[in-house]
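As provided, target-v5.pdb (PDB, C-alpha atoms) reads as follows.
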ATOM      1  CA  MET A  25      -8.592 -19.617   8.356
ATOM      2  CA  ASN A  26     -12.291 -20.498   8.283
ATOM      3  CA  LYS A  27     -13.930 -22.279   5.344
ATOM      4  CA  GLU A  28     -15.542 -19.123   3.964
ATOM      5  CA  SER A  29     -12.205 -17.299   3.882
ATOM      6  CA  ILE A  30     -10.556 -20.250   2.121
ATOM      7  CA  LYS A  31     -13.299 -20.322  -0.529
ATOM      8  CA  GLN A  32     -12.578 -16.678  -1.335
ATOM      9  CA  ILE A  33      -8.897 -17.255  -2.131
ATOM     10  CA  PRO A  34      -8.364 -16.598  -5.880
ATOM     11  CA  HIS A  35      -7.550 -19.588  -8.087
ATOM     12  CA  LYS A  36      -4.178 -18.117  -9.066
ATOM     13  CA  THR A  37      -3.228 -17.733  -5.417
ATOM     14  CA  ILE A  38      -4.049 -21.396  -4.788
ATOM     15  CA  GLU A  39      -1.744 -22.305  -7.701
ATOM     16  CA  ARG A  40       1.059 -20.195  -6.268
ATOM     17  CA  LEU A  41       0.583 -21.619  -2.765
ATOM     18  CA  SER A  42       1.125 -25.096  -4.183
ATOM     19  CA  GLN A  43       4.269 -23.852  -5.923
ATOM     20  CA  TYR A  44       5.474 -22.132  -2.744
ATOM     21  CA  ARG A  45       5.070 -25.354  -0.785
ATOM     22  CA  ARG A  46       7.138 -27.346  -3.287
ATOM     23  CA  ALA A  47       9.852 -24.689  -3.171
ATOM     24  CA  LEU A  48       9.794 -24.580   0.629
ATOM     25  CA  LEU A  49      10.094 -28.349   0.905
ATOM     26  CA  LEU A  50      13.124 -28.286  -1.382
ATOM     27  CA  VAL A  51      14.974 -25.636   0.617
ATOM     28  CA  SER A  52      13.916 -27.257   3.899
ATOM     29  CA  ALA A  53      15.514 -30.520   2.745
ATOM     30  CA  LYS A  54      18.788 -28.600   2.518
ATOM     31  CA  GLY A  55      18.573 -27.615   6.192
ATOM     32  CA  LYS A  56      17.116 -24.135   5.823
ATOM     33  CA  THR A  57      14.598 -23.165   8.545
ATOM     34  CA  HIS A  58      13.600 -19.608   7.557
ATOM     35  CA  ILE A  59      13.140 -17.811   4.270
ATOM     36  CA  PHE A  60      12.400 -14.249   3.096
ATOM     37  CA  SER A  61       9.769 -13.265   0.542
ATOM     38  CA  HIS A  62      12.398 -12.169  -1.960
ATOM     39  CA  GLU A  63      13.997 -15.643  -1.787
ATOM     40  CA  ILE A  64      10.680 -17.340  -2.529
ATOM     41  CA  ALA A  65      10.091 -14.814  -5.313
ATOM     42  CA  GLU A  66      13.460 -15.566  -6.880
ATOM     43  CA  ILE A  67      12.723 -19.304  -6.926
ATOM     44  CA  GLN A  68       9.274 -18.784  -8.461
ATOM     45  CA  HIS A  69      10.312 -15.980 -10.845
ATOM     46  CA  ILE A  70       7.722 -13.557  -9.501
ATOM     47  CA  THR A  71       7.901 -10.404  -7.372
ATOM     48  CA  ALA A  72       8.417 -10.344  -3.626
ATOM     49  CA  VAL A  73       5.361  -8.085  -3.428
ATOM     50  CA  GLN A  74       3.223 -10.875  -4.915
ATOM     51  CA  VAL A  75       4.588 -13.390  -2.418
ATOM     52  CA  ARG A  76       3.831 -11.075   0.510
ATOM     53  CA  ARG A  77       0.317 -10.406  -0.789
ATOM     54  CA  ASP A  78      -0.424 -14.112  -1.087
ATOM     55  CA  LEU A  79       0.872 -14.897   2.394
ATOM     56  CA  MET A  80      -0.970 -11.949   3.926
ATOM     57  CA  LEU A  81      -4.126 -13.243   2.253
ATOM     58  CA  ILE A  82      -3.829 -16.527   4.156
ATOM     59  CA  GLY A  83      -3.012 -14.723   7.373
ATOM     60  CA  TYR A  84       0.678 -15.549   7.653
ATOM     61  CA  SER A  85       3.398 -13.066   8.529
ATOM     62  CA  GLY A  86       7.082 -13.555   9.070
ATOM     63  CA  ASP A  87       9.770 -12.142  11.313
ATOM     64  CA  LEU A  88      11.435  -8.986   9.970
ATOM     65  CA  ARG A  89      14.864 -10.290  10.905
ATOM     66  CA  LYS A  90      14.508 -14.021  10.165
ATOM     67  CA  GLY A  91      11.799 -14.146   7.510
ATOM     68  CA  TYR A  92       9.107 -16.815   7.315
ATOM     69  CA  LYS A  93       9.397 -19.996   9.333
ATOM     70  CA  ILE A  94       9.434 -22.670   6.619
ATOM     71  CA  GLN A  95       7.861 -25.565   8.519
ATOM     72  CA  ALA A  96       5.015 -23.432   9.870
ATOM     73  CA  LEU A  97       4.280 -22.036   6.422
ATOM     74  CA  VAL A  98       4.319 -25.504   4.831
ATOM     75  CA  GLU A  99       1.864 -26.708   7.476
ATOM     76  CA  LEU A 100      -0.459 -23.725   6.959
ATOM     77  CA  ILE A 101      -0.493 -24.185   3.190
ATOM     78  CA  GLY A 102      -1.270 -27.859   3.760
ATOM     79  CA  GLN A 103      -4.224 -26.953   5.988
ATOM     80  CA  ILE A 104      -5.604 -24.730   3.223
ATOM     81  CA  ILE A 105      -4.982 -26.910   0.166
ATOM     82  CA  ASP A 106      -5.189 -30.466   1.453
ATOM     83  CA  SER A 107      -8.174 -32.489   2.560
ATOM     84  CA  PRO A 108      -7.667 -33.815   6.115
ATOM     85  CA  SER A 109      -8.624 -37.347   5.073
ATOM     86  CA  GLY A 110      -6.992 -37.205   1.642
ATOM     87  CA  GLN A 111      -8.674 -37.503  -1.751
ATOM     88  CA  LYS A 112      -8.757 -40.349  -4.234
ATOM     89  CA  VAL A 113      -8.016 -39.903  -7.936
ATOM     90  CA  ALA A 114      -8.757 -41.922 -11.064
ATOM     91  CA  VAL A 115      -7.075 -41.682 -14.467
ATOM     92  CA  PHE A 116      -9.414 -42.044 -17.434
ATOM     93  CA  GLY A 117      -7.386 -43.304 -20.386
ATOM     94  CA  LEU A 118      -4.123 -45.221 -20.090
ATOM     95  CA  GLY A 119      -2.486 -44.210 -23.328
ATOM     96  CA  ASN A 120       1.020 -42.759 -23.345
ATOM     97  CA  LEU A 121      -0.005 -39.614 -21.445
ATOM     98  CA  GLY A 122      -2.253 -41.399 -18.952
ATOM     99  CA  MET A 123       0.478 -43.945 -18.261
ATOM    100  CA  ALA A 124       3.085 -41.214 -17.797
ATOM    101  CA  LEU A 125       0.857 -39.271 -15.392
ATOM    102  CA  THR A 126       0.074 -42.411 -13.405
ATOM    103  CA  HIS A 127       3.799 -43.138 -13.129
ATOM    104  CA  TYR A 128       4.671 -39.546 -12.198
ATOM    105  CA  LEU A 129       1.875 -38.824  -9.730
ATOM    106  CA  SER A 130       1.696 -42.136  -7.864
ATOM    107  CA  GLY A 131       2.973 -41.596  -4.337
ATOM    108  CA  ARG A 132       4.032 -37.992  -4.988
ATOM    109  CA  ARG A 133       1.493 -36.482  -2.582
ATOM    110  CA  GLU A 134       0.508 -38.181   0.669
ATOM    111  CA  ASN A 135      -3.034 -36.792   0.570
ATOM    112  CA  LEU A 136      -3.757 -37.494  -3.116
ATOM    113  CA  TYR A 137      -4.012 -41.147  -4.044
ATOM    114  CA  ILE A 138      -4.381 -42.528  -7.560
ATOM    115  CA  VAL A 139      -6.436 -45.617  -6.813
ATOM    116  CA  ALA A 140      -7.856 -46.587 -10.217
ATOM    117  CA  ALA A 141      -7.429 -46.237 -13.957
ATOM    118  CA  PHE A 142      -9.995 -46.862 -16.688
ATOM    119  CA  ASP A 143      -9.438 -47.845 -20.299
ATOM    120  CA  VAL A 144     -11.018 -49.739 -23.205
ATOM    121  CA  ASP A 145      -7.897 -51.725 -24.101
ATOM    122  CA  GLU A 146      -8.444 -55.363 -23.138
ATOM    123  CA  HIS A 147      -4.688 -55.844 -22.765
ATOM    124  CA  LYS A 148      -4.606 -53.207 -20.000
ATOM    125  CA  ILE A 149      -7.848 -54.070 -18.217
ATOM    126  CA  GLY A 150      -7.135 -56.302 -15.239
ATOM    127  CA  GLN A 151      -3.495 -55.235 -15.129
ATOM    128  CA  SER A 152      -1.829 -53.036 -12.517
ATOM    129  CA  PHE A 153       0.391 -50.058 -13.354
ATOM    130  CA  GLU A 154       2.491 -48.458 -10.602
ATOM    131  CA  GLY A 155       0.250 -50.365  -8.217
ATOM    132  CA  VAL A 156      -2.866 -48.801  -9.795
ATOM    133  CA  PRO A 157      -5.435 -51.329 -11.086
ATOM    134  CA  CYS A 158      -6.952 -50.740 -14.528
ATOM    135  CA  TYR A 159     -10.664 -51.353 -15.086
ATOM    136  CA  GLY A 160     -12.940 -51.261 -18.114
ATOM    137  CA  MET A 161     -15.075 -48.170 -18.653
ATOM    138  CA  GLU A 162     -18.201 -50.148 -17.760
ATOM    139  CA  LYS A 163     -16.842 -50.328 -14.205
ATOM    140  CA  VAL A 164     -16.575 -46.552 -13.674
ATOM    141  CA  LYS A 165     -19.728 -46.087 -11.573
ATOM    142  CA  GLU A 166     -18.999 -49.134  -9.441
ATOM    143  CA  ILE A 167     -15.356 -48.310  -8.729
ATOM    144  CA  VAL A 168     -15.869 -44.571  -8.183
ATOM    145  CA  ALA A 169     -18.573 -45.326  -5.618
ATOM    146  CA  ARG A 170     -16.652 -48.161  -3.955
ATOM    147  CA  GLU A 171     -13.375 -46.255  -3.662
ATOM    148  CA  ASN A 172     -14.986 -42.862  -3.000
ATOM    149  CA  ILE A 173     -13.072 -41.300  -5.900
ATOM    150  CA  THR A 174     -13.578 -37.532  -6.087
ATOM    151  CA  ILE A 175     -11.098 -36.452  -8.789
ATOM    152  CA  GLY A 176     -10.751 -37.612 -12.383
ATOM    153  CA  ILE A 177      -7.833 -37.001 -14.757
ATOM    154  CA  ILE A 178      -9.043 -37.320 -18.343
ATOM    155  CA  THR A 179      -6.474 -38.279 -20.986
ATOM    156  CA  VAL A 180      -8.635 -40.165 -23.475
ATOM    157  CA  PRO A 181      -8.633 -39.456 -27.255
ATOM    158  CA  ALA A 182     -10.415 -36.229 -28.205
ATOM    159  CA  GLU A 183     -13.448 -37.960 -29.683
ATOM    160  CA  GLU A 184     -14.088 -39.727 -26.368
ATOM    161  CA  ALA A 185     -13.476 -36.743 -24.092
ATOM    162  CA  LYS A 186     -17.001 -35.430 -23.515
ATOM    163  CA  ALA A 187     -18.559 -38.872 -23.063
ATOM    164  CA  THR A 188     -15.840 -39.768 -20.555
ATOM    165  CA  LYS A 189     -16.359 -36.506 -18.681
ATOM    166  CA  ASN A 190     -20.097 -37.167 -18.478
ATOM    167  CA  LEU A 191     -19.489 -40.712 -17.276
ATOM    168  CA  ALA A 192     -17.114 -39.527 -14.560
ATOM    169  CA  ILE A 193     -19.509 -36.848 -13.316
ATOM    170  CA  GLU A 194     -22.499 -39.210 -13.362
ATOM    171  CA  ALA A 195     -20.428 -41.610 -11.248
ATOM    172  CA  GLY A 196     -19.881 -38.905  -8.621
ATOM    173  CA  VAL A 197     -16.524 -37.302  -9.501
ATOM    174  CA  LYS A 198     -16.424 -33.696  -8.244
ATOM    175  CA  GLY A 199     -13.204 -32.468  -9.840
ATOM    176  CA  ILE A 200     -11.970 -32.893 -13.416
ATOM    177  CA  LEU A 201      -8.456 -32.303 -14.731
ATOM    178  CA  ASN A 202      -8.830 -32.274 -18.506
ATOM    179  CA  TYR A 203      -5.708 -33.064 -20.518
ATOM    180  CA  THR A 204      -7.563 -33.427 -23.818
ATOM    181  CA  PRO A 205      -7.700 -30.608 -26.414
ATOM    182  CA  VAL A 206     -11.517 -30.593 -26.194
ATOM    183  CA  PRO A 207     -13.024 -27.708 -24.138
ATOM    184  CA  MET A 208     -15.465 -28.998 -21.544
ATOM    185  CA  GLU A 209     -18.429 -27.720 -19.599
ATOM    186  CA  VAL A 210     -19.355 -29.057 -16.176
ATOM    187  CA  PRO A 211     -22.432 -28.564 -13.993
ATOM    188  CA  GLU A 212     -22.490 -26.509 -10.831
ATOM    189  CA  GLY A 213     -20.816 -28.358  -8.007
ATOM    190  CA  VAL A 214     -18.037 -29.769 -10.199
ATOM    191  CA  PHE A 215     -14.672 -28.035 -10.571
ATOM    192  CA  LEU A 216     -12.910 -28.156 -13.936
ATOM    193  CA  GLU A 217      -9.261 -27.454 -14.696
ATOM    194  CA  GLU A 218      -8.131 -27.686 -18.315
ATOM    195  CA  TYR A 219      -4.573 -28.062 -19.523
ATOM    196  CA  ASP A 220      -3.845 -27.955 -23.229
ATOM    197  CA  MET A 221      -0.225 -28.983 -23.801
ATOM    198  CA  ILE A 222      -0.296 -28.028 -27.488
ATOM    199  CA  THR A 223      -1.399 -24.481 -26.663
ATOM    200  CA  SER A 224       1.294 -24.219 -23.991
ATOM    201  CA  LEU A 225       3.937 -25.488 -26.400
ATOM    202  CA  GLU A 226       2.790 -23.068 -29.121
ATOM    203  CA  LYS A 227       2.944 -20.215 -26.589
ATOM    204  CA  VAL A 228       6.550 -21.088 -25.789
ATOM    205  CA  ALA A 229       7.319 -21.423 -29.512
ATOM    206  CA  PHE A 230       5.835 -17.969 -30.174
ATOM    207  CA  TYR A 231       8.054 -16.292 -27.588
ATOM    208  CA  VAL A 232      11.120 -18.193 -28.766
ATOM    209  CA  LYS A 233      10.341 -16.974 -32.289
ATOM    210  CA  GLU A 234       9.997 -13.391 -31.039
ATOM    211  CA  LEU A 235      13.214 -13.621 -29.063
ATOM    212  CA  GLY A 236      14.944 -14.995 -32.150
ATOM    213  CA  SER A 237      13.615 -12.153 -34.297
ATOM    214  CA  SER A 238      14.750  -9.619 -31.720
ATOM    215  CA  ASP A 239      18.254 -11.122 -31.575
ATOM    216  CA  LEU A 240      18.417 -11.157 -35.358
ATOM    217  CA  GLU A 241      17.367  -7.516 -35.550
ATOM    218  CA  ASN A 242      19.945  -6.560 -32.921
ATOM    219  CA  THR A 243      22.607  -8.413 -34.916
ATOM    220  CA  LYS A 244      21.636  -6.514 -38.080
ATOM    221  CA  ARG A 245      21.798  -3.152 -36.303
ATOM    222  CA  THR A 246      25.182  -4.004 -34.778
ATOM    223  CA  ALA A 247      26.572  -5.098 -38.166
ATOM    224  CA  SER A 248      25.427  -1.905 -39.876
ATOM    225  CA  LYS A 249      27.339   0.372 -37.468
TER     226      LYS A 249
END
Re-express the file's structure as structure tokens.
Amino acid sequence: MNKESIKQIPHKTIERLSQYRRALLLVSAKGKTHIFSHEIAEIQHITAVQVRRDLMLIGYSGDLRKGYKIQALVELIGQIIDSPSGQKVAVFGLGNLGMALTHYLSGRRENLYIVAAFDVDEHKIGQSFEGVPCYGMEKVKEIVARENITIGIITVPAEEAKATKNLAIEAGVKGILNYTPVPMEVPEGVFLEEYDMITSLEKVAFYVKELGSSDLENTKRTASK
């Protein structure tokens, strides 16, 4: 695919391609070489039609008898999602969440490297966590430029979120993953992804509540018969 075609891929499709790749790597590790759309759909809890649409969008088709060749599909998704030279990431805020993300993400993707963390805690500054050095916030511009960091994960307290975002962007960061509950705005040329864990948890809680109410109502109807 050319660069213009890649730019036109919807955000949701990019998310699913990442999920497909993880699923494909898991089944490949078990010795499987080919897979059908309905198998991918079952793993991802979506429809086979959606899988086929996504793969057609990136110009990949499988064999009617064997399905999709797993290794070839993994490589194609990598060509679309990954940067050939890799990208460097910094974590802004080494509280409980920042520390957990640093631990979880370090070394998980060959082309995404967490190379720095920033915090205001003097006990953390100068230390290394999962091999990632921690610097003071006054070092952001210097380290981002020196390490060519392009992505920032923001996990600072809410009251520091916008100032930290501004600092990261001024330093040259082009992509922000915001884990704070504070909505952000970014200038043109910077990509923002926001993840609010409280909202996600409340969404799950809502549906659990509704499922519970439905079960209770079914129980009442059954008892009354």
message: As a check of understanding, name the residues that the PyMOL selection byres ((chain A and resi 81-95) around 6) selects in the supplied structure, as a list in words.
response: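 Given this file, the PyMOL selection byres ((chain A and resi 81-95) around 6) evaluates to Thr57, His58, Ile59, Phe60, Asp78, Leu79, Met80, Ala96, Leu97 and Val98 of chain A.
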So that I have them on file, write out the residues from the current selection with C-alpha atoms, as a CSV table (one decimal), keeping the file's coordinate frame.
chain,number,residue,atom,x,y,z
A,57,THR,CA,14.6,-23.2,8.5
A,58,HIS,CA,13.6,-19.6,7.6
A,59,ILE,CA,13.1,-17.8,4.3
A,60,PHE,CA,12.4,-14.2,3.1
A,78,ASP,CA,-0.4,-14.1,-1.1
A,79,LEU,CA,0.9,-14.9,2.4
A,80,MET,CA,-1.0,-11.9,3.9
A,96,ALA,CA,5.0,-23.4,9.9
A,97,LEU,CA,4.3,-22.0,6.4
A,98,VAL,CA,4.3,-25.5,4.8
- prompt: Written as a ChimeraX atom specification, which residues does the PyMOL selection byres ((chain A and resi 133) around 12) give for the file shown?
  reply: /A:42,45-46,102,105-107,110-113,128-132,134-138
task: Select, from A:Lys163, A:Lys56, A:Lys189, A:Lys198, the residue with the minimum atom-to-atom distance to A:Ile175, counting all atoms listed in the file.
output: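 Of all the options, A:Lys198 lies closest to A:Ile175.
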Among the residues A:Val115, A:Ala229, A:Val75, A:Ile193, the one that comes closest to A:Leu216 [using all atoms listed in the file]: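 That would be A:Ile193, the residue with the smallest distance to A:Leu216.
Nearest to A:Ile200 of all the residues A:Lys233, A:Ile177, A:Ala114, A:Asp220 is A:Ile177, counting all atoms listed in the file.
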Answer as a PDB file with C-alpha atoms, in the coordinates of the input, residues within 12 Å of (-2.5, -42.5, -18.5) using only C-alpha atoms:
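So the final result, stored in result.pdb, reads:
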ATOM      1  CA  ALA A 114      -8.757 -41.922 -11.064  1.00  0.00           C
ATOM      2  CA  VAL A 115      -7.075 -41.682 -14.467  1.00  0.00           C
ATOM      3  CA  PHE A 116      -9.414 -42.044 -17.434  1.00  0.00           C
ATOM      4  CA  GLY A 117      -7.386 -43.304 -20.386  1.00  0.00           C
ATOM      5  CA  LEU A 118      -4.123 -45.221 -20.090  1.00  0.00           C
ATOM      6  CA  GLY A 119      -2.486 -44.210 -23.328  1.00  0.00           C
ATOM      7  CA  ASN A 120       1.020 -42.759 -23.345  1.00  0.00           C
ATOM      8  CA  LEU A 121      -0.005 -39.614 -21.445  1.00  0.00           C
ATOM      9  CA  GLY A 122      -2.253 -41.399 -18.952  1.00  0.00           C
ATOM     10  CA  MET A 123       0.478 -43.945 -18.261  1.00  0.00           C
ATOM     11  CA  ALA A 124       3.085 -41.214 -17.797  1.00  0.00           C
ATOM     12  CA  LEU A 125       0.857 -39.271 -15.392  1.00  0.00           C
ATOM     13  CA  THR A 126       0.074 -42.411 -13.405  1.00  0.00           C
ATOM     14  CA  HIS A 127       3.799 -43.138 -13.129  1.00  0.00           C
ATOM     15  CA  TYR A 128       4.671 -39.546 -12.198  1.00  0.00           C
ATOM     16  CA  LEU A 129       1.875 -38.824  -9.730  1.00  0.00           C
ATOM     17  CA  SER A 130       1.696 -42.136  -7.864  1.00  0.00           C
ATOM     18  CA  ILE A 138      -4.381 -42.528  -7.560  1.00  0.00           C
ATOM     19  CA  ALA A 140      -7.856 -46.587 -10.217  1.00  0.00           C
ATOM     20  CA  ALA A 141      -7.429 -46.237 -13.957  1.00  0.00           C
ATOM     21  CA  PHE A 142      -9.995 -46.862 -16.688  1.00  0.00           C
ATOM     22  CA  ASP A 143      -9.438 -47.845 -20.299  1.00  0.00           C
ATOM     23  CA  LYS A 148      -4.606 -53.207 -20.000  1.00  0.00           C
ATOM     24  CA  PHE A 153       0.391 -50.058 -13.354  1.00  0.00           C
ATOM     25  CA  GLU A 154       2.491 -48.458 -10.602  1.00  0.00           C
ATOM     26  CA  VAL A 156      -2.866 -48.801  -9.795  1.00  0.00           C
ATOM     27  CA  PRO A 157      -5.435 -51.329 -11.086  1.00  0.00           C
ATOM     28  CA  CYS A 158      -6.952 -50.740 -14.528  1.00  0.00           C
ATOM     29  CA  GLY A 176     -10.751 -37.612 -12.383  1.00  0.00           C
ATOM     30  CA  ILE A 177      -7.833 -37.001 -14.757  1.00  0.00           C
ATOM     31  CA  ILE A 178      -9.043 -37.320 -18.343  1.00  0.00           C
ATOM     32  CA  THR A 179      -6.474 -38.279 -20.986  1.00  0.00           C
ATOM     33  CA  VAL A 180      -8.635 -40.165 -23.475  1.00  0.00           C
ATOM     34  CA  PRO A 181      -8.633 -39.456 -27.255  1.00  0.00           C
ATOM     35  CA  TYR A 203      -5.708 -33.064 -20.518  1.00  0.00           C
ATOM     36  CA  THR A 204      -7.563 -33.427 -23.818  1.00  0.00           C
TER      37      THR A 204
END
task: Find the distance between atom CA of A:Ile173 and atom CA of A:Pro211 and write it in Å to one decimal.
output: 17.8 Å
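Counting from atom CA of A:Gln74, the distance to atom CA of A:Arg40 is 9.7 Å.
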